[in-house]
Each structure stands twice: as structure tokens, then as C-alpha cells.
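The structure file start.cif is reproduced below (mmCIF, C-alpha atoms and all ligand atoms).
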```
data_structure
loop_
_atom_site.group_PDB
_atom_site.id
_atom_site.type_symbol
_atom_site.label_atom_id
_atom_site.label_comp_id
_atom_site.auth_asym_id
_atom_site.auth_seq_id
_atom_site.Cartn_x
_atom_site.Cartn_y
_atom_site.Cartn_z
ATOM 1 C CA MET A 125 -14.655 -2.163 -33.299
ATOM 2 C CA VAL A 126 -15.089 -4.796 -30.513
ATOM 3 C CA LEU A 127 -17.427 -3.855 -27.617
ATOM 4 C CA ALA A 128 -15.965 -3.558 -24.101
ATOM 5 C CA ARG A 129 -16.286 -6.771 -22.090
ATOM 6 C CA LYS A 130 -16.851 -6.288 -18.386
ATOM 7 C CA ARG A 131 -15.589 -9.755 -17.472
ATOM 8 C CA PHE A 132 -12.151 -8.818 -18.843
ATOM 9 C CA GLY A 133 -12.102 -5.489 -16.987
ATOM 10 C CA GLN A 134 -12.127 -3.552 -20.262
ATOM 11 C CA ASN A 135 -12.000 0.233 -19.912
ATOM 12 C CA PHE A 136 -10.162 1.618 -22.903
ATOM 13 C CA LEU A 137 -7.972 4.701 -22.621
ATOM 14 C CA HIS A 138 -8.782 7.453 -25.080
ATOM 15 C CA ASP A 139 -7.351 10.641 -23.534
ATOM 16 C CA PRO A 140 -4.280 11.597 -25.639
ATOM 17 C CA ASN A 141 -2.714 13.582 -22.769
ATOM 18 C CA VAL A 142 -2.901 10.643 -20.368
ATOM 19 C CA ILE A 143 -1.560 8.274 -23.035
ATOM 20 C CA ALA A 144 1.364 10.650 -23.696
ATOM 21 C CA GLN A 145 2.047 11.015 -19.953
ATOM 22 C CA ILE A 146 2.188 7.225 -19.500
ATOM 23 C CA VAL A 147 4.490 6.728 -22.497
ATOM 24 C CA GLU A 148 6.749 9.545 -21.256
ATOM 25 C CA SER A 149 6.940 7.951 -17.796
ATOM 26 C CA ILE A 150 7.958 4.611 -19.319
ATOM 27 C CA ASP A 151 10.530 6.325 -21.557
ATOM 28 C CA PRO A 152 11.131 3.177 -23.650
ATOM 29 C CA GLN A 153 14.435 2.806 -25.460
ATOM 30 C CA PRO A 154 15.103 0.790 -28.625
ATOM 31 C CA GLY A 155 16.476 -2.647 -27.781
ATOM 32 C CA GLU A 156 14.665 -2.932 -24.447
ATOM 33 C CA ALA A 157 12.363 -5.924 -23.931
ATOM 34 C CA LEU A 158 8.963 -4.408 -23.306
ATOM 35 C CA VAL A 159 5.886 -6.491 -22.566
ATOM 36 C CA GLU A 160 2.433 -4.977 -22.435
ATOM 37 C CA ILE A 161 -0.318 -6.650 -20.430
ATOM 38 C CA GLY A 162 -3.788 -6.195 -21.943
ATOM 39 C CA PRO A 163 -3.150 -4.031 -25.029
ATOM 40 C CA GLY A 164 -6.924 -3.873 -25.669
ATOM 41 C CA GLN A 165 -7.583 -1.550 -28.598
ATOM 42 C CA GLY A 166 -3.939 -0.492 -28.766
ATOM 43 C CA ALA A 167 -4.099 2.926 -27.029
ATOM 44 C CA LEU A 168 -0.610 2.442 -25.531
ATOM 45 C CA THR A 169 0.612 -0.141 -28.046
ATOM 46 C CA GLU A 170 0.603 2.233 -30.985
ATOM 47 C CA PRO A 171 2.738 5.049 -29.492
ATOM 48 C CA LEU A 172 5.040 2.535 -27.790
ATOM 49 C CA LEU A 173 5.678 0.675 -31.068
ATOM 50 C CA LYS A 174 6.774 3.951 -32.659
ATOM 51 C CA LEU A 175 9.448 4.292 -29.976
ATOM 52 C CA CYS A 176 10.730 0.749 -29.577
ATOM 53 C CA GLU A 177 9.969 -0.895 -32.915
ATOM 54 C CA GLU A 178 9.116 -4.314 -31.489
ATOM 55 C CA PHE A 179 7.736 -5.797 -28.315
ATOM 56 C CA ASP A 180 5.503 -8.468 -26.782
ATOM 57 C CA ALA A 181 1.930 -8.139 -25.568
ATOM 58 C CA ILE A 182 -0.399 -10.495 -23.690
ATOM 59 C CA GLU A 183 -4.134 -10.275 -24.431
ATOM 60 C CA ILE A 184 -6.848 -12.705 -23.279
ATOM 61 C CA ASP A 185 -9.637 -11.450 -25.544
ATOM 62 C CA ARG A 186 -9.439 -13.298 -28.872
ATOM 63 C CA ASP A 187 -11.504 -10.714 -30.745
ATOM 64 C CA LEU A 188 -9.244 -7.853 -29.621
ATOM 65 C CA ALA A 189 -6.184 -9.992 -30.304
ATOM 66 C CA GLY A 190 -7.425 -10.541 -33.879
ATOM 67 C CA GLU A 191 -7.712 -6.786 -34.440
ATOM 68 C CA LEU A 192 -4.320 -6.119 -32.837
ATOM 69 C CA GLN A 193 -2.717 -8.798 -34.996
ATOM 70 C CA GLN A 194 -4.171 -7.173 -38.116
ATOM 71 C CA ARG A 195 -3.065 -3.668 -37.131
ATOM 72 C CA PHE A 196 0.323 -4.339 -35.568
ATOM 73 C CA GLY A 197 1.333 -7.926 -36.494
ATOM 74 C CA ASP A 198 3.657 -6.762 -39.258
ATOM 75 C CA ARG A 199 4.763 -3.647 -37.358
ATOM 76 C CA GLY A 200 6.745 -5.411 -34.621
ATOM 77 C CA LEU A 201 4.113 -6.633 -32.150
ATOM 78 C CA THR A 202 4.358 -10.261 -30.970
ATOM 79 C CA LEU A 203 1.016 -11.228 -29.445
ATOM 80 C CA HIS A 204 0.520 -13.906 -26.803
ATOM 81 C CA VAL A 205 -3.188 -14.718 -26.711
ATOM 82 C CA CYS A 206 -3.633 -16.114 -23.203
ATOM 83 C CA ASP A 207 -4.430 -15.383 -19.578
ATOM 84 C CA VAL A 208 -1.628 -13.272 -18.082
ATOM 85 C CA LEU A 209 -2.111 -15.121 -14.781
ATOM 86 C CA GLU A 210 -0.749 -18.218 -16.540
ATOM 87 C CA PHE A 211 1.931 -16.431 -18.537
ATOM 88 C CA ASP A 212 5.539 -17.472 -17.931
ATOM 89 C CA PHE A 213 7.564 -14.222 -17.880
ATOM 90 C CA ALA A 214 10.772 -16.187 -17.185
ATOM 91 C CA THR A 215 10.534 -18.049 -20.507
ATOM 92 C CA LEU A 216 9.902 -14.784 -22.363
ATOM 93 C CA ALA A 217 12.863 -13.048 -20.686
ATOM 94 C CA LYS A 218 15.066 -15.987 -21.687
ATOM 95 C CA ALA A 219 13.834 -15.804 -25.291
ATOM 96 C CA ARG A 220 14.490 -12.048 -25.407
ATOM 97 C CA GLY A 221 17.927 -12.459 -23.780
ATOM 98 C CA GLN A 222 17.270 -9.834 -21.118
ATOM 99 C CA LYS A 223 14.995 -8.860 -18.267
ATOM 100 C CA LEU A 224 11.606 -7.403 -19.146
ATOM 101 C CA ARG A 225 10.016 -3.997 -18.704
ATOM 102 C CA VAL A 226 6.362 -4.698 -17.961
ATOM 103 C CA ILE A 227 3.730 -2.103 -18.739
ATOM 104 C CA GLY A 228 -0.029 -1.965 -18.803
ATOM 105 C CA ASN A 229 -3.351 -0.433 -18.041
ATOM 106 C CA LEU A 230 -4.117 -3.579 -16.089
ATOM 107 C CA PRO A 231 -7.406 -5.453 -15.879
ATOM 108 C CA TYR A 232 -8.684 -4.207 -12.510
ATOM 109 C CA ASN A 233 -10.717 -7.339 -11.820
ATOM 110 C CA VAL A 234 -7.543 -9.432 -11.360
ATOM 111 C CA SER A 235 -5.243 -6.759 -9.925
ATOM 112 C CA THR A 236 -4.150 -8.468 -6.689
ATOM 113 C CA PRO A 237 -3.533 -11.989 -8.103
ATOM 114 C CA LEU A 238 -1.761 -10.346 -11.062
ATOM 115 C CA LEU A 239 0.571 -8.344 -8.795
ATOM 116 C CA PHE A 240 1.423 -11.540 -6.879
ATOM 117 C CA HIS A 241 2.004 -13.405 -10.171
ATOM 118 C CA LEU A 242 4.366 -10.629 -11.294
ATOM 119 C CA LEU A 243 6.083 -10.747 -7.908
ATOM 120 C CA ASP A 244 6.701 -14.483 -8.434
ATOM 121 C CA HIS A 245 8.431 -13.567 -11.734
ATOM 122 C CA ARG A 246 10.437 -10.655 -10.288
ATOM 123 C CA ALA A 247 13.772 -12.269 -11.269
ATOM 124 C CA SER A 248 12.818 -11.721 -14.934
ATOM 125 C CA ILE A 249 11.590 -8.133 -14.581
ATOM 126 C CA VAL A 250 13.452 -4.791 -14.393
ATOM 127 C CA ASP A 251 10.491 -2.529 -13.738
ATOM 128 C CA LEU A 252 6.740 -2.173 -14.129
ATOM 129 C CA HIS A 253 4.616 0.823 -15.117
ATOM 130 C CA VAL A 254 1.073 -0.035 -14.203
ATOM 131 C CA MET A 255 -2.277 1.687 -14.137
ATOM 132 C CA LEU A 256 -4.712 0.342 -11.551
ATOM 133 C CA GLN A 257 -7.549 1.610 -9.377
ATOM 134 C CA ARG A 258 -6.137 4.500 -7.370
ATOM 135 C CA GLU A 259 -7.055 2.662 -4.190
ATOM 136 C CA VAL A 260 -4.766 -0.273 -5.137
ATOM 137 C CA ILE A 261 -1.887 2.064 -6.060
ATOM 138 C CA GLU A 262 -2.323 3.787 -2.679
ATOM 139 C CA ARG A 263 -2.137 0.382 -0.961
ATOM 140 C CA ILE A 264 1.042 -0.534 -2.864
ATOM 141 C CA CYS A 265 2.724 2.789 -1.990
ATOM 142 C CA ALA A 266 1.400 3.163 1.580
ATOM 143 C CA ALA A 267 3.557 3.986 4.597
ATOM 144 C CA PRO A 268 3.093 2.132 7.910
ATOM 145 C CA GLY A 269 0.388 3.388 10.225
ATOM 146 C CA GLY A 270 -2.372 4.253 7.746
ATOM 147 C CA GLY A 271 -5.493 2.448 6.595
ATOM 148 C CA ASP A 272 -4.053 1.701 3.129
ATOM 149 C CA TYR A 273 -1.032 -0.122 4.557
ATOM 150 C CA GLY A 274 -1.605 -3.879 4.492
ATOM 151 C CA ARG A 275 -0.623 -7.308 3.216
ATOM 152 C CA LEU A 276 -0.126 -6.125 -0.380
ATOM 153 C CA THR A 277 2.188 -3.256 0.690
ATOM 154 C CA VAL A 278 4.259 -5.456 2.981
ATOM 155 C CA MET A 279 4.547 -8.384 0.537
ATOM 156 C CA LEU A 280 5.806 -6.183 -2.308
ATOM 157 C CA ALA A 281 8.101 -3.989 -0.174
ATOM 158 C CA PRO A 282 11.214 -6.202 0.075
ATOM 159 C CA TRP A 283 11.391 -6.552 -3.700
ATOM 160 C CA LEU A 284 10.042 -3.333 -5.173
ATOM 161 C CA THR A 285 10.384 0.408 -4.819
ATOM 162 C CA ALA A 286 6.963 1.853 -5.553
ATOM 163 C CA GLN A 287 6.349 5.364 -6.837
ATOM 164 C CA HIS A 288 2.849 6.782 -7.289
ATOM 165 C CA LEU A 289 3.249 8.865 -10.463
ATOM 166 C CA PHE A 290 -0.148 10.466 -11.180
ATOM 167 C CA ASP A 291 -3.902 10.013 -10.932
ATOM 168 C CA VAL A 292 -6.276 9.531 -13.853
ATOM 169 C CA GLY A 293 -9.991 10.423 -13.755
ATOM 170 C CA PRO A 294 -12.788 8.168 -15.074
ATOM 171 C CA GLY A 295 -13.313 10.435 -18.116
ATOM 172 C CA ALA A 296 -10.030 9.247 -19.666
ATOM 173 C CA PHE A 297 -11.615 5.829 -20.411
ATOM 174 C CA ARG A 298 -14.416 4.377 -22.504
ATOM 175 C CA PRO A 299 -16.542 3.145 -20.901
ATOM 176 C CA ALA A 300 -15.781 5.361 -17.879
ATOM 177 C CA PRO A 301 -15.127 3.281 -14.741
ATOM 178 C CA GLN A 302 -16.789 4.140 -11.415
ATOM 179 C CA VAL A 303 -13.465 4.849 -9.709
ATOM 180 C CA TRP A 304 -10.337 6.934 -10.175
ATOM 181 C CA SER A 305 -7.196 5.240 -11.457
ATOM 182 C CA ALA A 306 -3.500 5.936 -10.899
ATOM 183 C CA VAL A 307 -0.190 5.084 -12.519
ATOM 184 C CA ALA A 308 2.785 3.765 -10.560
ATOM 185 C CA ARG A 309 6.375 2.861 -11.329
ATOM 186 C CA LEU A 310 7.559 -0.288 -9.547
ATOM 187 C CA THR A 311 11.301 -0.860 -9.713
ATOM 188 C CA VAL A 312 12.479 -4.381 -8.919
ATOM 189 C CA HIS A 313 15.486 -4.788 -6.588
ATOM 190 C CA GLU A 314 18.287 -7.170 -7.572
ATOM 191 C CA THR A 315 18.317 -8.403 -3.978
ATOM 192 C CA PRO A 316 15.624 -7.956 -1.329
ATOM 193 C CA ALA A 317 15.850 -4.941 0.992
ATOM 194 C CA PHE A 318 16.233 -7.444 3.878
ATOM 195 C CA PRO A 319 16.418 -11.271 4.061
ATOM 196 C CA VAL A 320 13.094 -12.878 3.140
ATOM 197 C CA ASP A 321 11.977 -16.517 2.936
ATOM 198 C CA ALA A 322 8.708 -18.485 3.056
ATOM 199 C CA ARG A 323 8.177 -17.511 6.699
ATOM 200 C CA TYR A 324 7.689 -13.858 5.695
ATOM 201 C CA ALA A 325 4.528 -14.570 3.648
ATOM 202 C CA ARG A 326 3.129 -16.737 6.461
ATOM 203 C CA VAL A 327 3.716 -14.095 9.132
ATOM 204 C CA VAL A 328 2.361 -11.238 7.002
ATOM 205 C CA ALA A 329 -0.777 -13.192 5.994
ATOM 206 C CA ALA A 330 -1.454 -14.230 9.616
ATOM 207 C CA ALA A 331 -0.833 -10.723 10.988
ATOM 208 C CA PHE A 332 -3.226 -9.051 8.533
ATOM 209 C CA SER A 333 -5.879 -11.799 8.725
ATOM 210 C CA LYS A 334 -7.483 -9.750 11.520
ATOM 211 C CA ARG A 335 -6.226 -6.167 11.308
ATOM 212 C CA ARG A 336 -7.819 -5.093 14.573
ATOM 213 C CA LYS A 337 -6.138 -7.818 16.604
ATOM 214 C CA THR A 338 -2.695 -7.639 18.110
ATOM 215 C CA LEU A 339 0.327 -9.598 16.886
ATOM 216 C CA ARG A 340 0.179 -11.688 20.072
ATOM 217 C CA ASN A 341 -3.274 -12.908 18.961
ATOM 218 C CA THR A 342 -2.811 -13.349 15.228
ATOM 219 C CA LEU A 343 0.673 -14.874 15.333
ATOM 220 C CA HIS A 344 0.128 -17.266 18.239
ATOM 221 C CA THR A 345 0.388 -20.422 16.085
ATOM 222 C CA LEU A 346 3.763 -19.250 14.733
ATOM 223 C CA LEU A 347 5.390 -17.373 17.647
ATOM 224 C CA ASP A 348 4.605 -16.662 21.277
ATOM 225 C CA ALA A 349 4.610 -13.182 22.820
ATOM 226 C CA GLU A 350 8.126 -13.605 24.311
ATOM 227 C CA ALA A 351 9.583 -14.482 20.924
ATOM 228 C CA ILE A 352 7.914 -11.396 19.371
ATOM 229 C CA ALA A 353 9.254 -9.179 22.178
ATOM 230 C CA ALA A 354 12.736 -10.676 21.675
ATOM 231 C CA CYS A 355 12.656 -9.113 18.162
ATOM 232 C CA HIS A 356 12.164 -5.710 19.881
ATOM 233 C CA ILE A 357 8.555 -5.640 18.666
ATOM 234 C CA ASP A 358 5.628 -4.994 21.023
ATOM 235 C CA PRO A 359 3.412 -8.148 20.998
ATOM 236 C CA GLY A 360 0.464 -5.829 21.718
ATOM 237 C CA ALA A 361 1.052 -3.859 18.485
ATOM 238 C CA ARG A 362 -1.391 -3.959 15.574
ATOM 239 C CA PRO A 363 -0.026 -5.188 12.210
ATOM 240 C CA GLU A 364 -0.302 -1.846 10.372
ATOM 241 C CA THR A 365 2.198 -0.245 12.751
ATOM 242 C CA LEU A 366 5.097 -2.536 11.743
ATOM 243 C CA SER A 367 7.459 -1.641 8.902
ATOM 244 C CA PRO A 368 8.231 -4.341 6.296
ATOM 245 C CA ALA A 369 11.730 -4.740 7.834
ATOM 246 C CA GLU A 370 10.131 -5.330 11.250
ATOM 247 C CA PHE A 371 7.941 -8.039 9.710
ATOM 248 C CA GLY A 372 11.167 -9.486 8.312
ATOM 249 C CA ARG A 373 12.624 -9.596 11.841
ATOM 250 C CA VAL A 374 9.554 -11.312 13.279
ATOM 251 C CA ALA A 375 9.500 -13.819 10.385
ATOM 252 C CA SER A 376 13.130 -14.780 10.934
ATOM 253 C CA ALA A 377 12.281 -15.715 14.551
ATOM 254 C CA VAL A 378 9.707 -18.331 13.441
ATOM 255 C CA ARG A 379 11.077 -21.835 13.944
ATOM 256 C CA GLU A 380 11.454 -23.891 10.798
ATOM 257 C CA PRO A 381 10.184 -26.152 9.323
ATOM 258 C CA LEU A 382 6.794 -24.510 8.912
ATOM 259 C CA VAL A 383 3.772 -26.745 9.410
HETATM 260 N N1 LIG B 401 -4.402 -1.185 -22.667
HETATM 261 C C1 LIG B 401 -5.743 -0.876 -23.126
HETATM 262 C C2 LIG B 401 -6.040 0.589 -22.875
HETATM 263 O O1 LIG B 401 -5.291 1.191 -22.077
HETATM 264 O O2 LIG B 401 -7.001 1.103 -23.446
HETATM 265 C C3 LIG B 401 -6.794 -1.784 -22.471
HETATM 266 C C4 LIG B 401 -6.851 -1.757 -20.978
HETATM 267 S S1 LIG B 401 -8.214 -2.641 -20.277
HETATM 268 C C5 LIG B 401 -8.324 -1.864 -18.691
HETATM 269 C C6 LIG B 401 -7.513 -4.225 -19.788
HETATM 270 C C7 LIG B 401 -7.081 -5.130 -20.926
HETATM 271 O O3 LIG B 401 -6.592 -6.360 -20.350
HETATM 272 C C8 LIG B 401 -8.205 -5.542 -21.874
HETATM 273 O O4 LIG B 401 -7.716 -5.500 -23.185
HETATM 274 C C9 LIG B 401 -8.539 -6.979 -21.468
HETATM 275 O O5 LIG B 401 -9.075 -7.756 -22.501
HETATM 276 C C10 LIG B 401 -7.182 -7.489 -21.015
HETATM 277 N N2 LIG B 401 -7.255 -8.571 -20.014
HETATM 278 C C11 LIG B 401 -8.177 -8.746 -19.036
HETATM 279 N N3 LIG B 401 -7.915 -9.840 -18.300
HETATM 280 C C12 LIG B 401 -6.778 -10.371 -18.824
HETATM 281 C C13 LIG B 401 -6.002 -11.521 -18.510
HETATM 282 N N4 LIG B 401 -6.326 -12.308 -17.488
HETATM 283 N N5 LIG B 401 -4.913 -11.799 -19.266
HETATM 284 C C14 LIG B 401 -4.562 -10.969 -20.300
HETATM 285 N N6 LIG B 401 -5.268 -9.865 -20.645
HETATM 286 C C15 LIG B 401 -6.354 -9.572 -19.929
#
```
Please rewrite the model in this file as C-alpha cells.
Amino acid sequence: MVLARKRFGQNFLHDPNVIAQIVESIDPQPGEALVEIGPGQGALTEPLLKLCEEFDAIEIDRDLAGELQQRFGDRGLTLHVCDVLEFDFATLAKARGQKLRVIGNLPYNVSTPLLFHLLDHRASIVDLHVMLQREVIERICAAPGGGDYGRLTVMLAPWLTAQHLFDVGPGAFRPAPQVWSAVARLTVHETPAFPVDARYARVVAAAFSKRRKTLRNTLHTLLDAEAIAACHIDPGARPETLSPAEFGRVASAVREPLV
């Protein structure tokens, strides 16, 4: 048995009820192209393999990968021993001849860059079932107006429908983390909920760079107050009060090319 490594965000699931609840939420079907991020000691891998016979998994820890290969290598698991942040999901989807269903009790230490990496590969993904710190799941699923609503929520919103499924206490893991976790289903849209281009990311990043400041202040290098008002948005509003579609409207008023 390999010891948990903090630098890889290793907290291994051991609660059979939570494992069953996650597998039931994924509801994998034979023939689907599943890919598990961070299989660890195989808590989800084992029950999932029983249901879908073969799938891919990405694990950075060579020692764990060695054990997984021994246990599941001839039972349908194809292991990619690498950093998921460098993994090309598009190439895998092409090799499997279909879009991917991504699942995982994700390494919490890289949660935000990982979500943005997955967002970059959205064209190759059908849906994601992810476990993360509850606080991150609340940010992903937040509605405008609250403290959880921010850059992450707004960047994912055009492309994903997010559903907070259930919470998981620290006792379900070994070692037990300091925080609660939660599981969410993220369903990828074929087309964005509203038109989005590079200006959207620029506007959202600038607006949330100083949450307490108004749009007039944070967006001044991209748009002046009159241009914001012309989108029927109050230039004196704070960023957390705008819906993702309203950010889309403001972004489409930014003059191109961006500098
Ligand atoms: N799925 C297992 C479970 O539920 O018990 C393990 C979950 S543990 C929270 C996160 C897993 O992701 C570990 O196996 C860890 O080694 C792996 N991991 C961490 N960083 C990674 C990275 N950058 N790329 C791929 N795997 C990574």
C-alpha cells in the first residue's frame, strides 16, 4: 500500500456508500468513453470497471500507477501516467471515436487550473462528474449576487450546466481532509448559451480583479462608462451582480482587436 502524498492532493475515498452514490450518479453505460482523473488506489476505478468493462485513467503518481496497472491492467484499464494539466483530451476522444465522460475525485491542490484545462477541451467532453472542495463546487454552481459567485462561475457558465449533487464529509476519506467536499455534474453544451469570444475572458478577469470596485473602475481600459451603459448595464454596478449573459453583452461591446 502506497502512503498518501500531500503534494498530489491525495485523500483516498473509503466510504462504500459515498462510492456507490458517485457511481450511481455517473450511471456509466457499456461502450461509453469514460476517463478517470486521479484513480489513486482505485476506489472508483474498481466499481466503474465492473460496469463499463474498459476505460482510460490519468494518474501522476508512478507508485500508484504501478499498483493500478498490476490490479486493473488486464481488466480493461488503460493508464496514462502523466500530469492531467498536460493531458490532451482531444487526442484521446479521437482515439476512442467519441466524446469523453470525465470523472474523478479531483486533486484539490490544482482544482482551478484543472477546471480551466477541462474547459479548454470542452469540445471533446460530454459531461463531468467531479468531487472537489465544497467551497469550489459552490463557486461553480453559484447564482449572481452572492459571495460565491465569481470569475470561475462566470467563465464556466456559457459552456456548462452545473448541478451540485451532494456533499461529502471529511470522514469518507483517508487521510481525512480539513474541509468538506461535494460532487457536481457538469454537462457540456454543444454551443455556448450566448456568443462568447476572447473578449469575454478579458472582461470577466478585469471585472473580478477587484470585486469591491465598480465596472466603471475595473473595465476602464476596455470600455468607458457610456459604452457599459449602452449595454443596459449600470456602470456603477459591482461585478457579482451581473449574470453571465450580461457579461457576454458587455464583452461584445469591447472594440477589437484587443491589446
Ligand atoms: N480517486 C481516488 C479516490 O477517490 O480515492 C484518489 C483521489 S485523490 C483526491 C487525487 C488523485 O489524483 C491522486 O491519486 C493523485 O495522485 C492524483 N493526482 C494529483 N495531481 C494530479 C495531476 N496533476 N495529474 C494526474 N493525477 C493527479
Contacts with ligand LIG 401 (chain B) at most 8 Å, all atoms listed in the file counted, listed as a ChimeraX atom specification: /A:129,131-138,160-169,182-185,188,205-209,228-234,297
Restricted to C-alpha atoms, what would the selected residues look like written as a short mmCIF file (atom, residue, chain, number, x, y, z; two decimals), in the coordinates of the input?
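Produced file out33.cif, reproduced below:
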```cif
data_model
loop_
_atom_site.label_atom_id
_atom_site.label_comp_id
_atom_site.auth_asym_id
_atom_site.auth_seq_id
_atom_site.Cartn_x
_atom_site.Cartn_y
_atom_site.Cartn_z
CA ARG A 129 -16.29 -6.77 -22.09
CA ARG A 131 -15.59 -9.76 -17.47
CA PHE A 132 -12.15 -8.82 -18.84
CA GLY A 133 -12.10 -5.49 -16.99
CA GLN A 134 -12.13 -3.55 -20.26
CA ASN A 135 -12.00 0.23 -19.91
CA PHE A 136 -10.16 1.62 -22.90
CA LEU A 137 -7.97 4.70 -22.62
CA HIS A 138 -8.78 7.45 -25.08
CA GLU A 160 2.43 -4.98 -22.44
CA ILE A 161 -0.32 -6.65 -20.43
CA GLY A 162 -3.79 -6.20 -21.94
CA PRO A 163 -3.15 -4.03 -25.03
CA GLY A 164 -6.92 -3.87 -25.67
CA GLN A 165 -7.58 -1.55 -28.60
CA GLY A 166 -3.94 -0.49 -28.77
CA ALA A 167 -4.10 2.93 -27.03
CA LEU A 168 -0.61 2.44 -25.53
CA THR A 169 0.61 -0.14 -28.05
CA ILE A 182 -0.40 -10.50 -23.69
CA GLU A 183 -4.13 -10.28 -24.43
CA ILE A 184 -6.85 -12.70 -23.28
CA ASP A 185 -9.64 -11.45 -25.54
CA LEU A 188 -9.24 -7.85 -29.62
CA VAL A 205 -3.19 -14.72 -26.71
CA CYS A 206 -3.63 -16.11 -23.20
CA ASP A 207 -4.43 -15.38 -19.58
CA VAL A 208 -1.63 -13.27 -18.08
CA LEU A 209 -2.11 -15.12 -14.78
CA GLY A 228 -0.03 -1.96 -18.80
CA ASN A 229 -3.35 -0.43 -18.04
CA LEU A 230 -4.12 -3.58 -16.09
CA PRO A 231 -7.41 -5.45 -15.88
CA TYR A 232 -8.68 -4.21 -12.51
CA ASN A 233 -10.72 -7.34 -11.82
CA VAL A 234 -7.54 -9.43 -11.36
CA PHE A 297 -11.62 5.83 -20.41
#
```
Minimum-distance residue to His241 in chain A, chosen among A:Ala214, A:Val260, A:Cys265, A:Val303 (using only C-alpha atoms):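 Going through A:Ala214, A:Val260, A:Cys265, A:Val303 one by one, the smallest distance to His241 in chain A is for A:Ala214.
Selection result for the displayed file, with the PyMOL selection byres (((chain A and resi 200) around 10) and not hetatm) as criterion, is Leu173, Lys174, Cys176, Glu177, Glu178, Phe179, Asp180, Phe196, Gly197, Asp198, Arg199, Leu201, Thr202 and Leu203 of chain A.
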Hits of the PyMOL selection byres (((chain A and resi 364) around 10) and not hetatm) in this structure, as a list in words: Ala267, Pro268, Gly269, Gly270, Gly271, Asp272, Tyr273, Gly274, Arg275, Val278, Ala331, Phe332, Arg335, Arg336, Thr338, Ala361, Arg362, Pro363, Thr365, Leu366, Ser367 and Pro368 of chain A
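Distances here use only C-alpha atoms; by that measure, the residue among A:Phe240, A:Phe371, A:Phe290, A:Phe211 closest to Arg309 in chain A is A:Phe290.
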Counting all atoms listed in the file, what is within 8 Å of Ile146 in chain A, bar same-chain residues fewer than 4 positions away, as a VMD selection string? chain A and resid 142 150 307
Name all residues at most 12 Å from range 352-357 of chain A (count all atoms listed in the file; drop same-chain ones fewer than 4 positions away) and give them as a PyMOL selection string. chain A and resi 327+338-344+346-348+361-363+365-367+369-378
I need the residues from that last selection saved to file as a PDB file, in the coordinates of the input (with C-alpha atoms), if you can.
```pdb
ATOM      1  CA  VAL A 327       3.716 -14.095   9.132  1.00  0.00           C
ATOM      2  CA  THR A 338      -2.695  -7.639  18.110  1.00  0.00           C
ATOM      3  CA  LEU A 339       0.327  -9.598  16.886  1.00  0.00           C
ATOM      4  CA  ARG A 340       0.179 -11.688  20.072  1.00  0.00           C
ATOM      5  CA  ASN A 341      -3.274 -12.908  18.961  1.00  0.00           C
ATOM      6  CA  THR A 342      -2.811 -13.349  15.228  1.00  0.00           C
ATOM      7  CA  LEU A 343       0.673 -14.874  15.333  1.00  0.00           C
ATOM      8  CA  HIS A 344       0.128 -17.266  18.239  1.00  0.00           C
ATOM      9  CA  LEU A 346       3.763 -19.250  14.733  1.00  0.00           C
ATOM     10  CA  LEU A 347       5.390 -17.373  17.647  1.00  0.00           C
ATOM     11  CA  ASP A 348       4.605 -16.662  21.277  1.00  0.00           C
ATOM     12  CA  ALA A 361       1.052  -3.859  18.485  1.00  0.00           C
ATOM     13  CA  ARG A 362      -1.391  -3.959  15.574  1.00  0.00           C
ATOM     14  CA  PRO A 363      -0.026  -5.188  12.210  1.00  0.00           C
ATOM     15  CA  THR A 365       2.198  -0.245  12.751  1.00  0.00           C
ATOM     16  CA  LEU A 366       5.097  -2.536  11.743  1.00  0.00           C
ATOM     17  CA  SER A 367       7.459  -1.641   8.902  1.00  0.00           C
ATOM     18  CA  ALA A 369      11.730  -4.740   7.834  1.00  0.00           C
ATOM     19  CA  GLU A 370      10.131  -5.330  11.250  1.00  0.00           C
ATOM     20  CA  PHE A 371       7.941  -8.039   9.710  1.00  0.00           C
ATOM     21  CA  GLY A 372      11.167  -9.486   8.312  1.00  0.00           C
ATOM     22  CA  ARG A 373      12.624  -9.596  11.841  1.00  0.00           C
ATOM     23  CA  VAL A 374       9.554 -11.312  13.279  1.00  0.00           C
ATOM     24  CA  ALA A 375       9.500 -13.819  10.385  1.00  0.00           C
ATOM     25  CA  SER A 376      13.130 -14.780  10.934  1.00  0.00           C
ATOM     26  CA  ALA A 377      12.281 -15.715  14.551  1.00  0.00           C
ATOM     27  CA  VAL A 378       9.707 -18.331  13.441  1.00  0.00           C
TER      28      VAL A 378
END
```
Go through A:Ala219, A:Leu239, A:Leu256, A:Ala157 and flag the residue nearest Pro301 in chain A, using only C-alpha atoms for the distances.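 Of A:Ala219, A:Leu239, A:Leu256, A:Ala157, the one nearest Pro301 in chain A is A:Leu256, counting only C-alpha atoms.
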Answer key for the PyMOL selection byres (((chain A and resi 221) around 12) and not hetatm), residues as a PyMOL selection string: chain A and resi 155-157+214-220+222-224+248-249
Looking at A:Arg263, A:Lys334, A:His253, A:Arg326, which one is nearest to Thr236 in chain A, with distances taken over only C-alpha atoms?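 For Thr236 in chain A, the nearest of the given residues is A:Arg263.
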One decimal, in Å: what's the spacing between CA of Ile143 in chain A and CA of Leu310 in chain A?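 Spanning CA of Ile143 in chain A to CA of Leu310 in chain A is a straight-line distance of 18.4 Å.
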Output, as lines of an AutoDock Vina configuration file, the centre and edge lengths in Å (one decimal) of the axis-aligned box that contains all listed atoms of range 190-207 of chain A with 3 Å of margin on each side.
```
center_x = -0.5
center_y = -9.9
center_z = -29.4
size_x = 20.5
size_y = 18.5
size_z = 25.7
```
Selection as number ranges by chain: residues within 9 Å of (17.2, -10.6, -11.3), counting all atoms listed in the file: A: 223, 246-250, 312-315
State, in Å with one decimal place, the distance from CA of Asp187 in chain A to CA of Asp151 in chain A.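 One can read the CA of Asp187 in chain A to CA of Asp151 in chain A distance as 29.3 Å.
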Between A:Arg298, A:His288, A:Lys130, A:His204, smallest distance to Leu192 in chain A by only C-alpha atoms belongs to A:His204
May I ask for the distance between CA of Glu259 in chain A and CA of Pro319 in chain A, given in Å to one decimal place?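 That distance, rounded to one decimal, is 28.5 Å.
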Close residues, Thr311 in chain A itself excluded, 9 Å, only C-alpha atoms, min 4 positions apart in chain, as a PDB file with C-alpha atoms, keeping the file's coordinate frame:
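result.pdb, written as the output of this step:
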```pdb
ATOM      1  CA  ILE A 249      11.590  -8.133 -14.581  1.00  0.00           C
ATOM      2  CA  VAL A 250      13.452  -4.791 -14.393  1.00  0.00           C
ATOM      3  CA  ASP A 251      10.491  -2.529 -13.738  1.00  0.00           C
ATOM      4  CA  LEU A 252       6.740  -2.173 -14.129  1.00  0.00           C
ATOM      5  CA  HIS A 253       4.616   0.823 -15.117  1.00  0.00           C
ATOM      6  CA  TRP A 283      11.391  -6.552  -3.700  1.00  0.00           C
ATOM      7  CA  LEU A 284      10.042  -3.333  -5.173  1.00  0.00           C
ATOM      8  CA  THR A 285      10.384   0.408  -4.819  1.00  0.00           C
ATOM      9  CA  ALA A 286       6.963   1.853  -5.553  1.00  0.00           C
ATOM     10  CA  GLN A 287       6.349   5.364  -6.837  1.00  0.00           C
TER      11      GLN A 287
END
```
